[in-house]
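> Sharing target_27.cif here; it has mmCIF, C-alpha atoms.
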data_start
#
loop_
_atom_site.label_atom_id
_atom_site.label_comp_id
_atom_site.auth_asym_id
_atom_site.auth_seq_id
_atom_site.Cartn_x
_atom_site.Cartn_y
_atom_site.Cartn_z
CA MET A 10 116.86 110.16 75.46
CA SER A 11 118.20 108.80 72.19
CA GLU A 12 120.76 110.80 70.28
CA ARG A 13 119.36 112.85 67.42
CA ARG A 14 121.60 112.23 64.42
CA SER A 15 122.00 115.67 62.91
CA PRO A 16 125.07 116.51 60.80
CA THR A 17 124.81 120.09 62.06
CA ILE A 18 125.14 119.14 65.71
CA ARG A 19 127.97 116.72 64.95
CA ARG A 20 129.85 119.47 63.12
CA ARG A 21 129.31 121.79 66.07
CA ARG A 22 130.42 119.14 68.58
CA LEU A 23 133.50 118.25 66.53
CA GLY A 24 134.53 121.90 66.32
CA ALA A 25 134.24 122.36 70.08
CA GLU A 26 136.38 119.27 70.70
CA LEU A 27 139.04 120.40 68.23
CA ARG A 28 139.15 123.80 69.91
CA ARG A 29 139.52 122.15 73.34
CA LEU A 30 142.38 119.98 72.13
CA ARG A 31 144.15 122.92 70.48
CA ASP A 32 143.86 125.01 73.64
CA GLY A 33 145.12 122.07 75.69
CA ALA A 34 148.15 121.75 73.44
CA GLY A 35 148.87 125.48 73.76
CA ILE A 36 148.84 126.03 70.00
CA THR A 37 147.43 129.10 68.27
CA ILE A 38 145.04 129.08 65.33
CA GLU A 39 147.73 130.79 63.24
CA VAL A 40 150.20 127.94 63.83
CA VAL A 41 147.58 125.35 62.86
CA ALA A 42 146.69 127.29 59.72
CA GLU A 43 150.34 127.54 58.73
CA GLN A 44 150.90 123.79 59.08
CA LEU A 45 147.69 122.95 57.23
CA GLU A 46 148.52 125.54 54.57
CA CYS A 47 145.14 127.19 54.88
CA SER A 48 143.73 130.43 56.29
CA ALA A 49 143.28 131.08 60.00
CA SER A 50 139.65 131.91 59.28
CA LYS A 51 139.08 128.36 57.96
CA VAL A 52 140.42 126.86 61.19
CA SER A 53 138.27 129.25 63.20
CA ARG A 54 135.15 128.35 61.23
CA ILE A 55 135.82 124.64 61.70
CA GLU A 56 136.10 125.18 65.45
CA THR A 57 132.85 127.13 65.62
CA GLY A 58 131.01 124.54 63.54
CA HIS A 59 130.31 126.90 60.66
CA THR A 60 132.43 124.93 58.17
CA SER A 61 132.65 121.19 57.62
CA ALA A 62 136.08 119.66 58.13
CA THR A 63 137.26 116.84 55.91
CA PRO A 64 138.45 113.68 57.68
CA ARG A 65 141.93 114.48 56.40
CA ASP A 66 141.81 117.99 57.91
CA VAL A 67 140.77 116.53 61.25
CA ARG A 68 143.46 113.86 61.20
CA ASP A 69 146.12 116.48 60.37
CA MET A 70 144.89 118.81 63.13
CA LEU A 71 144.93 116.00 65.67
CA ARG A 72 148.46 115.06 64.64
CA ILE A 73 149.53 118.65 65.38
CA TYR A 74 147.90 118.37 68.83
CA GLY A 75 149.54 115.02 69.54
CA VAL A 76 146.27 113.09 69.51
CA VAL A 77 146.54 109.62 67.98
CA GLY A 78 144.99 106.17 68.25
CA ALA A 79 141.38 105.49 69.22
CA GLU A 80 140.60 109.10 70.19
CA SER A 81 141.82 110.33 66.81
CA GLU A 82 139.83 107.72 64.88
CA GLU A 83 136.66 108.54 66.82
CA LEU A 84 136.90 112.23 65.91
CA VAL A 85 137.72 111.44 62.28
CA GLN A 86 134.57 109.29 62.15
CA ILE A 87 132.52 112.18 63.55
CA ALA A 88 133.98 114.34 60.76
CA ARG A 89 132.71 111.81 58.21
CA GLU A 90 129.23 111.81 59.75
CA ALA A 91 129.18 115.61 59.99
CA ARG A 92 129.66 115.82 56.21
CA GLN A 93 126.56 113.75 55.49
CA LYS A 94 123.53 115.56 54.13
CA GLY A 95 120.53 116.13 56.38
CA TRP A 96 117.00 115.60 55.05
CA TRP A 97 116.73 119.37 54.61
CA HIS A 98 119.77 119.64 52.29
CA PRO A 99 117.73 119.50 49.05
CA HIS A 100 115.62 122.37 50.44
CA ARG A 101 118.51 124.58 51.55
CA SER A 102 117.38 127.30 49.14
CA VAL A 103 114.06 127.69 50.97
CA LEU A 104 115.12 127.58 54.61
CA VAL A 105 117.99 128.24 56.97
CA GLY A 106 119.76 124.89 56.85
CA ALA A 107 121.80 125.56 59.98
CA TYR A 108 118.63 126.26 61.96
CA VAL A 109 116.80 123.15 60.76
CA GLY A 110 119.87 121.04 61.49
CA LEU A 111 119.97 122.32 65.06
CA GLU A 112 116.18 121.99 65.40
CA ALA A 113 116.39 118.34 64.33
CA ALA A 114 118.92 117.64 67.10
CA ALA A 115 117.21 119.65 69.85
CA GLY A 116 115.64 118.08 72.89
CA SER A 117 113.73 121.26 73.72
CA ILE A 118 112.50 124.25 71.72
CA TRP A 119 111.22 127.37 73.48
CA THR A 120 109.86 130.03 71.17
CA TYR A 121 108.14 133.41 71.37
CA GLU A 122 106.25 134.73 68.34
CA GLN A 123 104.71 138.16 67.76
CA GLN A 124 103.23 137.95 64.25
CA VAL A 125 102.79 134.41 62.91
CA ILE A 126 102.15 130.84 64.01
CA PRO A 127 105.47 128.96 64.37
CA GLY A 128 106.30 126.51 61.59
CA LEU A 129 105.99 123.48 63.87
CA LEU A 130 102.31 124.33 64.48
CA VAL A 131 101.01 125.63 61.15
CA THR A 132 98.33 124.11 58.94
CA GLU A 133 99.02 123.77 55.23
CA GLU A 134 96.46 126.45 54.40
CA TYR A 135 97.82 128.96 56.91
CA ALA A 136 101.42 128.38 55.80
CA THR A 137 100.46 128.85 52.16
CA ALA A 138 98.64 132.13 52.82
CA MET A 139 101.42 133.46 55.04
CA ILE A 140 104.23 132.68 52.59
CA GLN A 141 102.27 134.08 49.64
CA ALA A 142 101.77 137.36 51.51
CA ALA A 143 105.33 137.61 52.81
CA ARG A 144 107.01 136.54 49.54
CA PRO A 145 104.80 137.71 46.65
CA GLU A 146 107.66 137.22 44.15
CA LEU A 147 107.61 133.43 44.60
CA SER A 148 105.94 131.12 42.10
CA ALA A 149 103.19 128.73 43.19
CA ASP A 150 105.66 125.83 43.05
CA GLN A 151 108.17 127.68 45.22
CA VAL A 152 105.48 128.48 47.77
CA GLN A 153 104.40 124.85 47.94
CA GLN A 154 107.99 123.70 48.37
CA ARG A 155 108.33 125.95 51.40
CA VAL A 156 105.03 124.71 52.77
CA ARG A 157 106.09 121.06 52.41
CA VAL A 158 109.31 121.73 54.29
CA ARG A 159 107.43 123.39 57.17
CA LEU A 160 105.00 120.50 57.41
CA GLY A 161 107.84 117.98 57.24
CA ARG A 162 109.50 119.51 60.27
CA GLN A 163 106.38 118.85 62.38
CA SER A 164 107.31 115.19 62.76
CA LEU A 165 109.54 116.35 65.62
CA LEU A 166 106.39 116.64 67.75
CA THR A 167 105.15 113.08 67.28
CA GLN A 168 108.25 110.95 66.69
CA ASP A 169 109.24 108.26 69.22
CA ASP A 170 111.46 110.75 71.04
CA PRO A 171 109.46 113.98 70.62
CA VAL A 172 110.90 117.42 71.24
CA ASP A 173 109.72 119.39 74.29
CA LEU A 174 108.04 122.40 72.67
CA ARG A 175 107.08 125.49 74.66
CA VAL A 176 105.43 128.31 72.74
CA VAL A 177 104.29 131.76 73.83
CA LEU A 178 102.15 133.53 71.23
CA ASP A 179 101.40 137.22 71.37
CA GLU A 180 97.65 137.73 71.17
CA ALA A 181 98.19 139.60 67.88
CA VAL A 182 99.07 136.26 66.25
CA LEU A 183 95.60 134.94 67.05
CA ARG A 184 93.72 138.10 66.05
CA ARG A 185 95.12 138.43 62.52
CA PRO A 186 93.04 136.32 60.07
CA VAL A 187 95.83 135.06 57.83
CA GLY A 188 94.25 133.46 54.77
CA GLY A 189 90.77 134.62 55.70
CA ASP A 190 88.14 133.43 58.13
CA ALA A 191 88.00 129.73 57.30
CA VAL A 192 91.78 129.28 57.14
CA MET A 193 92.34 131.08 60.42
CA ARG A 194 89.60 129.19 62.23
CA GLY A 195 91.18 125.94 61.04
CA GLN A 196 94.57 127.12 62.28
CA LEU A 197 93.20 128.00 65.72
CA ARG A 198 91.55 124.59 66.00
CA ARG A 199 94.88 123.02 65.03
CA LEU A 200 96.56 124.84 67.92
CA VAL A 201 93.99 123.46 70.36
CA GLU A 202 94.58 119.96 68.97
CA VAL A 203 98.38 120.10 69.14
CA ALA A 204 98.29 121.55 72.67
CA GLU A 205 96.82 118.23 73.85
CA LEU A 206 100.21 116.57 73.22
CA SER A 207 102.06 116.01 76.51
CA ASN A 208 105.28 117.44 75.05
CA VAL A 209 103.68 120.72 73.91
CA THR A 210 103.01 123.73 76.15
CA LEU A 211 101.17 126.63 74.53
CA GLN A 212 100.51 130.01 76.16
CA VAL A 213 98.99 133.29 74.99
CA LEU A 214 100.45 136.65 75.97
CA PRO A 215 97.35 138.90 76.09
CA PHE A 216 97.21 142.55 75.03
CA GLU A 217 96.22 143.56 78.55
CA VAL A 218 99.75 142.78 79.77
CA GLY A 219 100.94 145.94 78.05
CA ALA A 220 104.70 146.39 77.75
CA HIS A 221 106.63 143.18 78.38
CA ALA A 222 110.10 141.61 78.29
CA GLY A 223 109.82 140.25 74.74
CA MET A 224 109.08 143.47 72.90
CA ASP A 225 112.46 143.46 71.13
CA GLY A 226 111.24 140.69 68.85
CA PRO A 227 110.61 136.96 68.37
CA PHE A 228 113.24 134.36 69.22
CA THR A 229 113.76 130.63 69.74
CA ILE A 230 115.92 128.87 72.32
CA LEU A 231 117.18 125.45 71.20
CA GLY A 232 118.30 123.10 73.97
CA PHE A 233 120.16 119.82 73.40
CA PRO A 234 120.05 116.48 75.25
CA ASP A 235 123.81 116.14 75.61
CA SER A 236 125.50 118.56 78.00
CA VAL A 237 128.49 118.88 75.64
CA ASP A 238 126.22 120.69 73.17
CA PRO A 239 125.52 124.22 74.46
CA ASP A 240 122.11 125.77 73.89
CA VAL A 241 121.57 128.24 71.04
CA VAL A 242 119.30 131.27 70.61
CA TYR A 243 117.99 131.99 67.13
CA ALA A 244 116.66 135.52 66.61
CA GLU A 245 114.83 135.63 63.29
CA ASN A 246 114.59 138.62 60.95
CA ALA A 247 113.58 139.41 57.38
CA THR A 248 117.01 138.54 55.95
CA GLY A 249 117.47 135.23 57.76
CA GLY A 250 118.40 135.24 61.41
CA LEU A 251 121.14 135.47 64.01
CA PHE A 252 122.55 132.63 66.11
CA LEU A 253 123.62 133.56 69.64
CA GLU A 254 125.72 131.12 71.67
CA LYS A 255 127.59 133.12 74.32
CA SER A 256 126.67 132.28 77.90
CA ASP A 257 125.53 135.80 78.77
CA GLU A 258 123.33 135.93 75.65
CA LEU A 259 121.72 132.60 76.48
CA GLN A 260 121.04 133.65 80.06
CA LYS A 261 119.49 136.92 78.90
CA TYR A 262 117.06 135.19 76.52
CA LYS A 263 116.19 132.48 79.04
CA PHE A 264 115.38 135.23 81.53
CA ILE A 265 113.22 136.99 78.93
CA PHE A 266 111.38 133.75 78.13
CA ASP A 267 110.75 133.12 81.84
CA GLN A 268 109.33 136.63 82.16
CA ILE A 269 107.09 136.19 79.12
CA GLN A 270 105.81 132.83 80.35
CA ALA A 271 105.02 134.30 83.77
CA ALA A 272 103.09 137.20 82.20
CA ALA A 273 101.16 134.96 79.78
CA GLU A 274 97.89 133.18 80.46
CA ARG A 275 98.28 129.71 81.96
CA PRO A 276 98.22 126.87 79.41
CA GLU A 277 94.65 125.80 80.21
CA GLU A 278 93.45 129.43 80.03
CA SER A 279 95.33 129.90 76.76
CA ILE A 280 93.71 126.87 75.13
CA ALA A 281 90.28 128.04 76.23
CA HIS A 282 91.07 131.49 74.83
CA ILE A 283 92.13 130.03 71.47
CA ALA A 284 89.11 127.71 71.30
CA GLU A 285 86.80 130.65 71.96
CA LEU A 286 88.40 132.68 69.16
CA ALA A 287 87.97 129.74 66.79
CA GLU A 288 84.22 129.85 67.42
CA GLU A 289 83.77 133.63 67.79
CA PRO A 290 86.73 135.35 66.10
CA LEU A 291 87.20 138.99 67.00
CA TRP A 292 88.12 139.91 63.41
CA LYS A 293 84.45 139.31 62.53
CA TRP A 294 83.25 142.05 64.84
CA ARG A 295 83.97 144.97 62.51
CA PRO A 296 84.06 144.39 58.74
CA ARG A 297 87.02 145.96 56.99
CA GLY A 298 86.25 149.47 55.84
CA SER A 299 83.43 150.07 58.32
CA PRO A 300 83.67 153.33 60.29
CA ARG A 301 85.34 153.29 63.69
CA THR A 302 83.37 154.47 66.67
#
Show me the file's structure as structure tokens.


Amino acid sequence: MSERRSPTIRRRRLGAELRRLRDGAGITIEVVAEQLECSASKVSRIETGHTSATPRDVRDMLRIYGVVGAESEELVQIAREARQKGWWHPHRSVLVGAYVGLEAAAGSIWTYEQQVIPGLLVTEEYATAMIQAARPELSADQVQQRVRVRLGRQSLLTQDDPVDLRVVLDEAVLRRPVGGDAVMRGQLRRLVEVAELSNVTLQVLPFEVGAHAGMDGPFTILGFPDSVDPDVVYAENATGGLFLEKSDELQKYKFIFDQIQAAAERPEESIAHIAELAEEPLWKWRPRGSPRT
């Protein structure tokens, strides 16, 4: 698998290597911060990949750790590459840049959704209706900018080295006619179409399952081709999202995803289910406002 050139993943990888070298040298973050004349929090954020390090910072840190020569120059070059702007940088006001940077570098994406179609699978019409409803304060231009970014990310599914996408959708996602009848039917047909890709696995978690392992909320597990890059869980919420990287957190969410997949309809059953809803949607059964029986 070819390396996915994402500044985010390079920053994360560089930080992990700097932390390893510091630990190996037996030097504390406080000592490094004192010699660099900066705060300990800056050093910590560089090591966790949350802050970009300048090539000069990296060279000075490596000097403190006694790392010179070819190894030093290689890490300084990674620092230069990590400071480059990803394609999403101009759109950082409309999305979580850190997430998109990791998504662009991922070899696998496993996601569970309870309310909406994931961005990698949406149609333009569905995305527009969803964003307009969720963010009524946005102008038409701002909505369309967000839609373009979502659609741009979908190239991950069809590029030469496509991502392995596994999606479990709660049945509620399919039953809610976002954008109205025509838009939702088009979205369901799009799901059937995308599910034909060999790198996409789509399953439906039906209502009849009842209580299940994923009831705490939607999440995405991002896996990376290189073993030096640990997997990440992204748990989304209304104010952004939370990145989880600790081993026990990853194992917990992988266990939850396994449980959800096992409870869901098989992929072929799921596609048949979605195709049936596209032709005979359940939201058409009872017009809004009609009495319940």

> Could you tell me how far atom CA of Asp267 of chain A sits from atom CA of Gln196 of chain A, in Å to one decimal place?

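Straight-line distance from atom CA of Gln196 of chain A to atom CA of Asp267 of chain A works out to 26.1 Å.
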
> Find the residue from A:Val52, A:Val176, A:Ile126, A:Leu27 that sits nearest to Val40 of chain A; use all atoms listed in the file when measuring.

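So, comparing all the options, the nearest one is A:Val52.
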
> Which residues, protein or nucleic acid, reach to within 12 Å of (121.4, 115.8, 72.6) in the file's coordinates when using only C-alpha atoms, and can you give that as a PDB file with C-alpha atoms, in the frame of the given file?


ATOM      1  CA  MET A  10     116.860 110.160  75.460  1.00  0.00           C
ATOM      2  CA  SER A  11     118.200 108.800  72.190  1.00  0.00           C
ATOM      3  CA  GLU A  12     120.760 110.800  70.280  1.00  0.00           C
ATOM      4  CA  ARG A  13     119.360 112.850  67.420  1.00  0.00           C
ATOM      5  CA  ARG A  14     121.600 112.230  64.420  1.00  0.00           C
ATOM      6  CA  SER A  15     122.000 115.670  62.910  1.00  0.00           C
ATOM      7  CA  THR A  17     124.810 120.090  62.060  1.00  0.00           C
ATOM      8  CA  ILE A  18     125.140 119.140  65.710  1.00  0.00           C
ATOM      9  CA  ARG A  19     127.970 116.720  64.950  1.00  0.00           C
ATOM     10  CA  ARG A  21     129.310 121.790  66.070  1.00  0.00           C
ATOM     11  CA  ARG A  22     130.420 119.140  68.580  1.00  0.00           C
ATOM     12  CA  LEU A 111     119.970 122.320  65.060  1.00  0.00           C
ATOM     13  CA  GLU A 112     116.180 121.990  65.400  1.00  0.00           C
ATOM     14  CA  ALA A 113     116.390 118.340  64.330  1.00  0.00           C
ATOM     15  CA  ALA A 114     118.920 117.640  67.100  1.00  0.00           C
ATOM     16  CA  ALA A 115     117.210 119.650  69.850  1.00  0.00           C
ATOM     17  CA  GLY A 116     115.640 118.080  72.890  1.00  0.00           C
ATOM     18  CA  SER A 117     113.730 121.260  73.720  1.00  0.00           C
ATOM     19  CA  ASP A 170     111.460 110.750  71.040  1.00  0.00           C
ATOM     20  CA  VAL A 172     110.900 117.420  71.240  1.00  0.00           C
ATOM     21  CA  LEU A 231     117.180 125.450  71.200  1.00  0.00           C
ATOM     22  CA  GLY A 232     118.300 123.100  73.970  1.00  0.00           C
ATOM     23  CA  PHE A 233     120.160 119.820  73.400  1.00  0.00           C
ATOM     24  CA  PRO A 234     120.050 116.480  75.250  1.00  0.00           C
ATOM     25  CA  ASP A 235     123.810 116.140  75.610  1.00  0.00           C
ATOM     26  CA  SER A 236     125.500 118.560  78.000  1.00  0.00           C
ATOM     27  CA  VAL A 237     128.490 118.880  75.640  1.00  0.00           C
ATOM     28  CA  ASP A 238     126.220 120.690  73.170  1.00  0.00           C
ATOM     29  CA  PRO A 239     125.520 124.220  74.460  1.00  0.00           C
ATOM     30  CA  ASP A 240     122.110 125.770  73.890  1.00  0.00           C
TER      31      ASP A 240
END

> In terms of the shortest atom-to-atom distance over all atoms listed in the file, which of A:Ile38, A:Leu174, A:Met139, A:Leu23 is closest to Glu83 of chain A?

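Smallest distance to Glu83 of chain A is found for A:Leu23.
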
> So which residues fall inside 12 Å of (96.3, 122.8, 53.4) if we count all atoms listed in the file? Mind giving them as a ChimeraX atom specification?

/A:131-139,153,156-157,159-160,188,191-193,195-196,199

> Using the selection just defined, write its residues with C-alpha atoms as a JSON list (two decimals), keeping the file's coordinate frame.


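Saved result, out_13.json, follows:
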[["chain", "number", "residue", "atom", "x", "y", "z"],
["A", 131, "VAL", "CA", 101.01, 125.63, 61.15],
["A", 132, "THR", "CA", 98.33, 124.11, 58.94],
["A", 133, "GLU", "CA", 99.02, 123.77, 55.23],
["A", 134, "GLU", "CA", 96.46, 126.45, 54.40],
["A", 135, "TYR", "CA", 97.82, 128.96, 56.91],
["A", 136, "ALA", "CA", 101.42, 128.38, 55.80],
["A", 137, "THR", "CA", 100.46, 128.85, 52.16],
["A", 138, "ALA", "CA", 98.64, 132.13, 52.82],
["A", 139, "MET", "CA", 101.42, 133.46, 55.04],
["A", 153, "GLN", "CA", 104.40, 124.85, 47.94],
["A", 156, "VAL", "CA", 105.03, 124.71, 52.77],
["A", 157, "ARG", "CA", 106.09, 121.06, 52.41],
["A", 159, "ARG", "CA", 107.43, 123.39, 57.17],
["A", 160, "LEU", "CA", 105.00, 120.50, 57.41],
["A", 188, "GLY", "CA", 94.25, 133.46, 54.77],
["A", 191, "ALA", "CA", 88.00, 129.73, 57.30],
["A", 192, "VAL", "CA", 91.78, 129.28, 57.14],
["A", 193, "MET", "CA", 92.34, 131.08, 60.42],
["A", 195, "GLY", "CA", 91.18, 125.94, 61.04],
["A", 196, "GLN", "CA", 94.57, 127.12, 62.28],
["A", 199, "ARG", "CA", 94.88, 123.02, 65.03]]
